[in-house]
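**Q** The file below is input.cif, mmCIF, C-alpha atoms:
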```
data_query
loop_
_atom_site.group_PDB
_atom_site.id
_atom_site.type_symbol
_atom_site.label_atom_id
_atom_site.label_comp_id
_atom_site.auth_asym_id
_atom_site.auth_seq_id
_atom_site.Cartn_x
_atom_site.Cartn_y
_atom_site.Cartn_z
ATOM 1 C CA MET A 1 211.136 117.614 49.860
ATOM 2 C CA ILE A 2 209.680 120.770 51.387
ATOM 3 C CA GLU A 3 206.517 120.112 53.410
ATOM 4 C CA TYR A 4 205.832 123.702 54.462
ATOM 5 C CA LEU A 5 207.391 127.122 54.934
ATOM 6 C CA ARG A 6 206.953 129.091 58.149
ATOM 7 C CA GLY A 7 208.297 132.606 58.380
ATOM 8 C CA ASP A 8 207.814 136.306 57.754
ATOM 9 C CA LEU A 9 205.529 137.296 54.890
ATOM 10 C CA THR A 10 207.723 139.903 53.191
ATOM 11 C CA GLU A 11 205.834 140.374 49.928
ATOM 12 C CA LEU A 12 202.301 139.505 48.865
ATOM 13 C CA THR A 13 200.324 139.872 45.643
ATOM 14 C CA PRO A 14 197.118 138.086 44.628
ATOM 15 C CA THR A 15 199.258 135.489 42.806
ATOM 16 C CA THR A 16 202.517 135.241 44.782
ATOM 17 C CA ALA A 17 203.777 135.257 48.354
ATOM 18 C CA THR A 18 207.382 135.593 49.491
ATOM 19 C CA VAL A 19 208.133 133.929 52.807
ATOM 20 C CA GLU A 20 211.451 134.626 54.537
ATOM 21 C CA CYS A 21 212.800 131.677 56.518
ATOM 22 C CA HIS A 22 216.145 132.122 58.307
ATOM 23 C CA GLY A 23 217.276 134.831 55.916
ATOM 24 C CA VAL A 24 216.167 133.100 52.714
ATOM 25 C CA GLY A 25 213.139 134.385 50.799
ATOM 26 C CA TYR A 26 211.031 131.731 49.084
ATOM 27 C CA LEU A 27 208.747 132.901 46.265
ATOM 28 C CA THR A 28 205.606 130.780 46.142
ATOM 29 C CA ASN A 29 202.770 130.845 43.636
ATOM 30 C CA ILE A 30 199.417 131.064 45.393
ATOM 31 C CA SER A 31 195.695 131.037 44.623
ATOM 32 C CA LEU A 32 193.225 133.745 45.556
ATOM 33 C CA ASN A 33 191.923 131.520 48.340
ATOM 34 C CA THR A 34 195.350 131.469 49.963
ATOM 35 C CA TYR A 35 195.807 135.197 49.304
ATOM 36 C CA THR A 36 192.575 135.915 51.169
ATOM 37 C CA ALA A 37 193.593 133.659 54.043
ATOM 38 C CA ILE A 38 197.044 135.173 54.639
ATOM 39 C CA GLN A 39 196.704 138.858 53.779
ATOM 40 C CA ASN A 40 197.545 141.232 56.627
ATOM 41 C CA ARG A 41 199.452 138.516 58.492
ATOM 42 C CA PRO A 42 203.075 139.313 59.376
ATOM 43 C CA GLN A 43 203.972 135.618 59.668
ATOM 44 C CA VAL A 44 202.533 132.678 57.764
ATOM 45 C CA LYS A 45 202.747 128.945 57.321
ATOM 46 C CA LEU A 46 202.321 127.727 53.763
ATOM 47 C CA TYR A 47 202.113 124.086 52.740
ATOM 48 C CA VAL A 48 204.229 123.567 49.648
ATOM 49 C CA HIS A 49 204.197 121.644 46.401
ATOM 50 C CA GLU A 50 207.496 121.613 44.503
ATOM 51 C CA ALA A 51 207.304 121.512 40.711
ATOM 52 C CA ILE A 52 210.768 120.557 39.492
ATOM 53 C CA ARG A 53 211.406 120.648 35.762
ATOM 54 C CA GLU A 54 214.510 120.775 33.596
ATOM 55 C CA ASP A 55 214.108 124.506 33.073
ATOM 56 C CA ALA A 56 212.474 125.635 36.317
ATOM 57 C CA TYR A 57 212.031 125.009 40.033
ATOM 58 C CA VAL A 58 208.649 126.386 41.075
ATOM 59 C CA LEU A 59 207.013 126.442 44.495
ATOM 60 C CA TYR A 60 203.248 126.516 45.012
ATOM 61 C CA GLY A 61 202.037 127.604 48.447
ATOM 62 C CA PHE A 62 198.736 126.822 50.176
ATOM 63 C CA SER A 63 197.263 128.122 53.404
ATOM 64 C CA ASP A 64 195.962 124.662 54.328
ATOM 65 C CA LYS A 65 196.519 121.031 53.385
ATOM 66 C CA ARG A 66 193.087 120.586 51.848
ATOM 67 C CA GLU A 67 193.721 123.125 49.132
ATOM 68 C CA ARG A 68 197.063 121.468 48.401
ATOM 69 C CA GLU A 69 195.321 118.094 48.132
ATOM 70 C CA LEU A 70 192.874 119.545 45.625
ATOM 71 C CA PHE A 71 195.764 121.080 43.683
ATOM 72 C CA LEU A 72 197.541 117.714 43.547
ATOM 73 C CA LEU A 73 194.369 116.010 42.359
ATOM 74 C CA LEU A 74 193.921 118.616 39.628
ATOM 75 C CA ILE A 75 197.459 118.284 38.278
ATOM 76 C CA SER A 76 197.046 114.503 38.230
ATOM 77 C CA VAL A 77 194.526 115.013 35.417
ATOM 78 C CA SER A 78 196.053 114.870 31.938
ATOM 79 C CA GLY A 79 196.369 118.349 30.458
ATOM 80 C CA ILE A 80 196.217 120.213 33.781
ATOM 81 C CA GLY A 81 199.434 121.946 34.806
ATOM 82 C CA GLY A 82 200.283 123.890 37.919
ATOM 83 C CA ASN A 83 199.216 127.291 36.599
ATOM 84 C CA THR A 84 195.908 125.969 35.303
ATOM 85 C CA ALA A 85 195.215 124.241 38.622
ATOM 86 C CA ARG A 86 196.005 127.477 40.456
ATOM 87 C CA THR A 87 193.669 129.392 38.147
ATOM 88 C CA ILE A 88 190.869 126.919 38.879
ATOM 89 C CA LEU A 89 191.463 127.326 42.616
ATOM 90 C CA SER A 90 191.359 131.101 42.165
ATOM 91 C CA ALA A 91 188.092 131.079 40.234
ATOM 92 C CA LEU A 92 186.380 128.626 42.611
ATOM 93 C CA THR A 93 186.676 128.049 46.337
ATOM 94 C CA PRO A 94 187.643 124.490 47.327
ATOM 95 C CA ASN A 95 184.075 123.848 48.420
ATOM 96 C CA GLU A 96 182.674 125.197 45.144
ATOM 97 C CA LEU A 97 185.127 123.080 43.159
ATOM 98 C CA CYS A 98 184.059 119.938 44.987
ATOM 99 C CA GLU A 99 180.400 120.754 44.370
ATOM 100 C CA VAL A 100 181.050 121.438 40.684
ATOM 101 C CA ILE A 101 182.813 118.091 40.266
ATOM 102 C CA ALA A 102 180.294 116.152 42.352
ATOM 103 C CA SER A 103 177.365 117.610 40.382
ATOM 104 C CA GLY A 104 179.100 117.277 37.013
ATOM 105 C CA ASN A 105 178.719 121.002 36.297
ATOM 106 C CA ASP A 106 181.210 121.307 33.453
ATOM 107 C CA LYS A 107 179.841 124.731 32.439
ATOM 108 C CA LEU A 108 181.521 126.449 35.386
ATOM 109 C CA LEU A 109 184.798 124.665 34.744
ATOM 110 C CA LYS A 110 184.749 125.699 31.078
ATOM 111 C CA MET A 111 184.612 129.331 32.188
ATOM 112 C CA VAL A 112 188.153 129.017 33.563
ATOM 113 C CA LYS A 113 190.958 130.039 31.192
ATOM 114 C CA GLY A 114 192.554 127.011 29.565
ATOM 115 C CA ILE A 115 189.696 124.626 30.326
ATOM 116 C CA GLY A 116 187.792 123.362 27.307
ATOM 117 C CA GLY A 117 184.831 121.035 27.200
ATOM 118 C CA LYS A 118 186.841 117.808 26.998
ATOM 119 C CA THR A 119 189.193 118.859 29.790
ATOM 120 C CA ALA A 120 186.281 119.870 32.027
ATOM 121 C CA GLN A 121 184.654 116.485 31.480
ATOM 122 C CA ARG A 122 187.967 114.715 32.162
ATOM 123 C CA ILE A 123 188.348 116.569 35.474
ATOM 124 C CA ILE A 124 184.846 115.582 36.531
ATOM 125 C CA VAL A 125 185.165 111.935 35.478
ATOM 126 C CA GLU A 126 188.627 111.386 36.970
ATOM 127 C CA LEU A 127 188.104 113.276 40.224
ATOM 128 C CA ARG A 128 184.443 112.759 41.118
ATOM 129 C CA ASP A 129 185.075 109.639 43.238
ATOM 130 C CA LYS A 130 188.217 111.099 44.787
ATOM 131 C CA MET A 131 186.411 114.235 46.017
ATOM 132 C CA ALA A 132 184.495 112.163 48.549
ATOM 133 C CA THR A 133 187.761 111.270 50.277
ATOM 134 C CA ILE A 134 188.684 114.900 50.967
ATOM 135 C CA GLY A 135 186.936 116.952 53.635
ATOM 136 C CA VAL A 136 186.955 120.474 52.240
ATOM 137 C CA ASP A 137 185.669 123.294 54.417
ATOM 138 C CA MET A 138 184.590 126.670 53.154
ATOM 139 C CA PRO A 139 187.432 129.218 53.312
ATOM 140 C CA SER A 140 187.357 131.404 56.380
ATOM 141 C CA SER A 141 184.878 134.250 55.968
ATOM 142 C CA ASP A 142 186.458 136.415 58.645
ATOM 143 C CA ALA A 143 189.403 137.564 56.545
ATOM 144 C CA PRO A 144 189.982 141.283 57.020
ATOM 145 C CA GLN A 145 187.990 143.421 54.634
ATOM 146 C CA ALA A 146 189.770 146.082 52.602
ATOM 147 C CA LEU A 147 189.260 149.726 53.424
ATOM 148 C CA PHE A 148 187.138 150.978 50.582
ATOM 149 C CA ALA A 149 187.881 154.712 50.582
ATOM 150 C CA ASP A 150 189.770 155.727 47.453
ATOM 151 C CA VAL A 151 190.824 152.193 46.602
ATOM 152 C CA ASN A 152 189.341 151.903 43.108
ATOM 153 C CA ASN A 153 192.663 152.502 41.374
ATOM 154 C CA GLU A 154 194.453 150.149 43.743
ATOM 155 C CA VAL A 155 191.846 147.442 43.170
ATOM 156 C CA LEU A 156 192.010 147.977 39.406
ATOM 157 C CA ASP A 157 195.814 147.883 39.233
ATOM 158 C CA SER A 158 196.186 144.869 41.526
ATOM 159 C CA ALA A 159 193.440 142.885 39.813
ATOM 160 C CA VAL A 160 194.760 143.609 36.311
ATOM 161 C CA ALA A 161 198.303 142.688 37.398
ATOM 162 C CA ALA A 162 197.088 139.383 38.822
ATOM 163 C CA LEU A 163 195.035 138.523 35.723
ATOM 164 C CA THR A 164 198.001 139.351 33.501
ATOM 165 C CA MET A 165 200.199 136.977 35.507
ATOM 166 C CA LEU A 166 197.534 134.302 35.044
ATOM 167 C CA GLY A 167 197.812 134.685 31.264
ATOM 168 C CA TYR A 168 195.142 137.203 30.287
ATOM 169 C CA THR A 169 195.973 140.298 28.232
ATOM 170 C CA ALA A 170 196.233 143.594 30.091
ATOM 171 C CA ALA A 171 193.742 145.340 27.796
ATOM 172 C CA ALA A 172 191.041 142.691 28.198
ATOM 173 C CA SER A 173 191.647 142.438 31.937
ATOM 174 C CA GLN A 174 191.406 146.188 32.444
ATOM 175 C CA LYS A 175 188.142 146.416 30.503
ATOM 176 C CA VAL A 176 186.487 143.629 32.515
ATOM 177 C CA VAL A 177 187.759 144.836 35.900
ATOM 178 C CA LYS A 178 186.664 148.425 35.210
ATOM 179 C CA ASN A 179 183.144 147.221 34.510
ATOM 180 C CA ILE A 180 183.122 145.172 37.688
ATOM 181 C CA ILE A 181 184.297 148.132 39.790
ATOM 182 C CA LYS A 182 181.604 150.341 38.236
ATOM 183 C CA GLU A 183 178.976 147.781 39.229
ATOM 184 C CA GLN A 184 180.470 147.178 42.689
ATOM 185 C CA PRO A 185 182.506 150.229 43.809
ATOM 186 C CA SER A 186 183.394 148.703 47.186
ATOM 187 C CA ILE A 187 184.612 145.359 45.820
ATOM 188 C CA THR A 188 187.860 143.926 47.170
ATOM 189 C CA VAL A 189 190.822 142.925 45.007
ATOM 190 C CA GLU A 190 190.289 139.191 45.441
ATOM 191 C CA ALA A 191 186.556 139.458 44.746
ATOM 192 C CA ALA A 192 187.230 141.522 41.607
ATOM 193 C CA ILE A 193 189.697 138.927 40.323
ATOM 194 C CA LYS A 194 187.307 136.059 40.995
ATOM 195 C CA GLU A 195 184.493 137.853 39.190
ATOM 196 C CA ALA A 196 186.784 138.684 36.277
ATOM 197 C CA LEU A 197 187.841 135.038 35.979
ATOM 198 C CA ARG A 198 184.188 134.111 35.697
ATOM 199 C CA ARG A 199 183.533 136.674 32.955
ATOM 200 C CA MET A 200 186.646 136.319 30.780
#
```
Could you take the file, read its structure, and then write that structure out as structure tokens?
**A**
Amino acid sequence: MIEYLRGDLTELTPTTATVECHGVGYLTNISLNTYTAIQNRPQVKLYVHEAIREDAYVLYGFSDKRERELFLLLISVSGIGGNTARTILSALTPNELCEVIASGNDKLLKMVKGIGGKTAQRIIVELRDKMATIGVDMPSSDAPQALFADVNNEVLDSAVAALTMLGYTAAASQKVVKNIIKEQPSITVEAAIKEALRRM
């Protein structure tokens, strides 16, 4: 079992990170929280969850153990798979997710793609007591900020690509992201994706 990967960050998108370890590149699926934490770093350490199925071998990477613990709790809930758990952790920070579950705020959970009313309630009921056992800190707020000059197209393209990989249609994603950029011209890619996940 792989506990973590430490190596050169050779490729990074808002949804995936490729880490090269001793000449082998490992593609890991990541959340926006991890993307924010590791961007602009030449070398990274990602804690790993291996999802082994008959038709696929998928790696999920996390910048810290707490996010991985939350991911594992989410996929322990019936009806929540790896991609849905990653989407939840992209729409909400770990701290926000814990607060949502602790307060029983199913409305925010239902805003995430693939989460209906019954599933949101199931997450809250099954995980509320378990949240107290995990110390979740707010993600670091000192992540490097993007340079905002002439980045609107880059933000648009990257955000739409990420949303498409998360299962949204390109047309719908582009419409929502364009509106967000109009409202907030200096918004970063990760912030645009998070806002789009809340609106779609």
**Q** What is the CA of Val155 (chain A)-CA of Ala191 (chain A) distance in Å, reported with one decimal?
**A**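 Rounded to one decimal, the two atoms are 9.7 Å apart.
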**Q** Running the PyMOL selection byres ((chain A and resi 95-107) around 7) on this model by hand, what would come out? Give it as a list in words.
**A** Leu92, Thr93, Pro94, Leu108, Leu109, Lys110, Met111, Ala120, Gln121, Ile124, Arg128, Met131, Val136, Asp137 and Met138 of chain A
**Q** List the neighbours of region 3-18 of chain A out to 10 Å using only C-alpha atoms; skip same-chain residues closer than 5 positions along the sequence, and give me the result as a PDB file with C-alpha atoms, keeping the file's coordinate frame.
**A**
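The file below, around14.pdb, is the result:
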```pdb
ATOM      1  CA  GLY A  23     217.276 134.831  55.916  1.00  0.00           C
ATOM      2  CA  VAL A  24     216.167 133.100  52.714  1.00  0.00           C
ATOM      3  CA  GLY A  25     213.139 134.385  50.799  1.00  0.00           C
ATOM      4  CA  TYR A  26     211.031 131.731  49.084  1.00  0.00           C
ATOM      5  CA  LEU A  27     208.747 132.901  46.265  1.00  0.00           C
ATOM      6  CA  THR A  28     205.606 130.780  46.142  1.00  0.00           C
ATOM      7  CA  ASN A  29     202.770 130.845  43.636  1.00  0.00           C
ATOM      8  CA  ILE A  30     199.417 131.064  45.393  1.00  0.00           C
ATOM      9  CA  SER A  31     195.695 131.037  44.623  1.00  0.00           C
ATOM     10  CA  LEU A  32     193.225 133.745  45.556  1.00  0.00           C
ATOM     11  CA  ASN A  33     191.923 131.520  48.340  1.00  0.00           C
ATOM     12  CA  THR A  34     195.350 131.469  49.963  1.00  0.00           C
ATOM     13  CA  TYR A  35     195.807 135.197  49.304  1.00  0.00           C
ATOM     14  CA  THR A  36     192.575 135.915  51.169  1.00  0.00           C
ATOM     15  CA  ILE A  38     197.044 135.173  54.639  1.00  0.00           C
ATOM     16  CA  GLN A  39     196.704 138.858  53.779  1.00  0.00           C
ATOM     17  CA  ASN A  40     197.545 141.232  56.627  1.00  0.00           C
ATOM     18  CA  ARG A  41     199.452 138.516  58.492  1.00  0.00           C
ATOM     19  CA  PRO A  42     203.075 139.313  59.376  1.00  0.00           C
ATOM     20  CA  GLN A  43     203.972 135.618  59.668  1.00  0.00           C
ATOM     21  CA  VAL A  44     202.533 132.678  57.764  1.00  0.00           C
ATOM     22  CA  LYS A  45     202.747 128.945  57.321  1.00  0.00           C
ATOM     23  CA  LEU A  46     202.321 127.727  53.763  1.00  0.00           C
ATOM     24  CA  TYR A  47     202.113 124.086  52.740  1.00  0.00           C
ATOM     25  CA  VAL A  48     204.229 123.567  49.648  1.00  0.00           C
ATOM     26  CA  HIS A  49     204.197 121.644  46.401  1.00  0.00           C
ATOM     27  CA  GLU A  50     207.496 121.613  44.503  1.00  0.00           C
ATOM     28  CA  LEU A  59     207.013 126.442  44.495  1.00  0.00           C
ATOM     29  CA  TYR A  60     203.248 126.516  45.012  1.00  0.00           C
ATOM     30  CA  GLY A  61     202.037 127.604  48.447  1.00  0.00           C
ATOM     31  CA  PHE A  62     198.736 126.822  50.176  1.00  0.00           C
ATOM     32  CA  SER A  63     197.263 128.122  53.404  1.00  0.00           C
ATOM     33  CA  ASP A  64     195.962 124.662  54.328  1.00  0.00           C
ATOM     34  CA  LYS A  65     196.519 121.031  53.385  1.00  0.00           C
ATOM     35  CA  ARG A  86     196.005 127.477  40.456  1.00  0.00           C
ATOM     36  CA  THR A  87     193.669 129.392  38.147  1.00  0.00           C
ATOM     37  CA  SER A  90     191.359 131.101  42.165  1.00  0.00           C
ATOM     38  CA  SER A 158     196.186 144.869  41.526  1.00  0.00           C
ATOM     39  CA  ALA A 159     193.440 142.885  39.813  1.00  0.00           C
ATOM     40  CA  ALA A 161     198.303 142.688  37.398  1.00  0.00           C
ATOM     41  CA  ALA A 162     197.088 139.383  38.822  1.00  0.00           C
ATOM     42  CA  LEU A 163     195.035 138.523  35.723  1.00  0.00           C
ATOM     43  CA  MET A 165     200.199 136.977  35.507  1.00  0.00           C
ATOM     44  CA  LEU A 166     197.534 134.302  35.044  1.00  0.00           C
ATOM     45  CA  VAL A 189     190.822 142.925  45.007  1.00  0.00           C
ATOM     46  CA  GLU A 190     190.289 139.191  45.441  1.00  0.00           C
ATOM     47  CA  ILE A 193     189.697 138.927  40.323  1.00  0.00           C
TER      48      ILE A 193
END
```
**Q** Skipping near chain neighbours, those fewer than 6 positions away, what residues fall within 12 Å of Ile80 (chain A) using all atoms listed in the file, listed as a PyMOL selection string?
**A** chain A and resi 71-74+86-88+112-116+118-120+122-123
**Q** For the file shown, what are the residues hit by the PyMOL selection byres ((chain A and resi 178) around 12), laid out as a VMD selection string?
**A** chain A and resid 152 to 160 170 to 177 179 to 185 187 189 192 to 193 195 to 196
**Q** Write region 163-185 of chain A as a PDB file, keeping the file's coordinate frame, completed to N, CA and C atoms.
**A**
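The resulting out_13.pdb:
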```pdb
ATOM      1  N   LEU A 163     195.598 139.184  36.899  1.00  0.00           N
ATOM      2  CA  LEU A 163     195.035 138.523  35.723  1.00  0.00           C
ATOM      3  C   LEU A 163     196.075 138.393  34.616  1.00  0.00           C
ATOM      4  N   THR A 164     196.936 139.415  34.499  1.00  0.00           N
ATOM      5  CA  THR A 164     198.001 139.351  33.501  1.00  0.00           C
ATOM      6  C   THR A 164     198.970 138.223  33.815  1.00  0.00           C
ATOM      7  N   MET A 165     199.294 138.053  35.100  1.00  0.00           N
ATOM      8  CA  MET A 165     200.199 136.977  35.507  1.00  0.00           C
ATOM      9  C   MET A 165     199.568 135.608  35.273  1.00  0.00           C
ATOM     10  N   LEU A 166     198.236 135.564  35.281  1.00  0.00           N
ATOM     11  CA  LEU A 166     197.534 134.302  35.044  1.00  0.00           C
ATOM     12  C   LEU A 166     197.350 134.019  33.551  1.00  0.00           C
ATOM     13  N   GLY A 167     197.815 134.950  32.700  1.00  0.00           N
ATOM     14  CA  GLY A 167     197.812 134.685  31.264  1.00  0.00           C
ATOM     15  C   GLY A 167     196.856 135.499  30.428  1.00  0.00           C
ATOM     16  N   TYR A 168     196.075 136.372  31.040  1.00  0.00           N
ATOM     17  CA  TYR A 168     195.142 137.203  30.287  1.00  0.00           C
ATOM     18  C   TYR A 168     195.847 138.470  29.814  1.00  0.00           C
ATOM     19  N   THR A 169     195.361 139.068  28.726  1.00  0.00           N
ATOM     20  CA  THR A 169     195.973 140.298  28.232  1.00  0.00           C
ATOM     21  C   THR A 169     195.587 141.463  29.147  1.00  0.00           C
ATOM     22  N   ALA A 170     196.475 142.443  29.219  1.00  0.00           N
ATOM     23  CA  ALA A 170     196.233 143.594  30.091  1.00  0.00           C
ATOM     24  C   ALA A 170     195.012 144.383  29.638  1.00  0.00           C
ATOM     25  N   ALA A 171     194.856 144.545  28.319  1.00  0.00           N
ATOM     26  CA  ALA A 171     193.742 145.340  27.796  1.00  0.00           C
ATOM     27  C   ALA A 171     192.400 144.704  28.145  1.00  0.00           C
ATOM     28  N   ALA A 172     192.296 143.388  27.910  1.00  0.00           N
ATOM     29  CA  ALA A 172     191.041 142.691  28.198  1.00  0.00           C
ATOM     30  C   ALA A 172     190.757 142.685  29.692  1.00  0.00           C
ATOM     31  N   SER A 173     191.805 142.473  30.483  1.00  0.00           N
ATOM     32  CA  SER A 173     191.647 142.438  31.937  1.00  0.00           C
ATOM     33  C   SER A 173     191.166 143.777  32.469  1.00  0.00           C
ATOM     34  N   GLN A 174     191.770 144.849  31.968  1.00  0.00           N
ATOM     35  CA  GLN A 174     191.406 146.188  32.444  1.00  0.00           C
ATOM     36  C   GLN A 174     189.957 146.516  32.110  1.00  0.00           C
ATOM     37  N   LYS A 175     189.519 146.142  30.920  1.00  0.00           N
ATOM     38  CA  LYS A 175     188.142 146.416  30.503  1.00  0.00           C
ATOM     39  C   LYS A 175     187.147 145.711  31.419  1.00  0.00           C
ATOM     40  N   VAL A 176     187.399 144.415  31.684  1.00  0.00           N
ATOM     41  CA  VAL A 176     186.487 143.629  32.515  1.00  0.00           C
ATOM     42  C   VAL A 176     186.477 144.139  33.949  1.00  0.00           C
ATOM     43  N   VAL A 177     187.672 144.396  34.500  1.00  0.00           N
ATOM     44  CA  VAL A 177     187.759 144.836  35.900  1.00  0.00           C
ATOM     45  C   VAL A 177     187.118 146.210  36.082  1.00  0.00           C
ATOM     46  N   LYS A 178     187.286 147.099  35.121  1.00  0.00           N
ATOM     47  CA  LYS A 178     186.664 148.425  35.210  1.00  0.00           C
ATOM     48  C   LYS A 178     185.145 148.303  35.290  1.00  0.00           C
ATOM     49  N   ASN A 179     184.594 147.425  34.480  1.00  0.00           N
ATOM     50  CA  ASN A 179     183.144 147.221  34.510  1.00  0.00           C
ATOM     51  C   ASN A 179     182.687 146.669  35.855  1.00  0.00           C
ATOM     52  N   ILE A 180     183.469 145.761  36.393  1.00  0.00           N
ATOM     53  CA  ILE A 180     183.122 145.172  37.688  1.00  0.00           C
ATOM     54  C   ILE A 180     183.147 146.225  38.790  1.00  0.00           C
ATOM     55  N   ILE A 181     184.177 147.085  38.770  1.00  0.00           N
ATOM     56  CA  ILE A 181     184.297 148.132  39.790  1.00  0.00           C
ATOM     57  C   ILE A 181     183.157 149.142  39.665  1.00  0.00           C
ATOM     58  N   LYS A 182     182.740 149.432  38.430  1.00  0.00           N
ATOM     59  CA  LYS A 182     181.604 150.341  38.236  1.00  0.00           C
ATOM     60  C   LYS A 182     180.335 149.759  38.856  1.00  0.00           C
ATOM     61  N   GLU A 183     180.162 148.443  38.690  1.00  0.00           N
ATOM     62  CA  GLU A 183     178.976 147.781  39.229  1.00  0.00           C
ATOM     63  C   GLU A 183     179.049 147.638  40.745  1.00  0.00           C
ATOM     64  N   GLN A 184     180.274 147.414  41.248  1.00  0.00           N
ATOM     65  CA  GLN A 184     180.470 147.178  42.689  1.00  0.00           C
ATOM     66  C   GLN A 184     181.647 148.035  43.173  1.00  0.00           C
ATOM     67  N   PRO A 185     181.420 149.299  43.441  1.00  0.00           N
ATOM     68  CA  PRO A 185     182.506 150.229  43.809  1.00  0.00           C
ATOM     69  C   PRO A 185     183.310 149.804  45.038  1.00  0.00           C
TER      70      PRO A 185
END
```
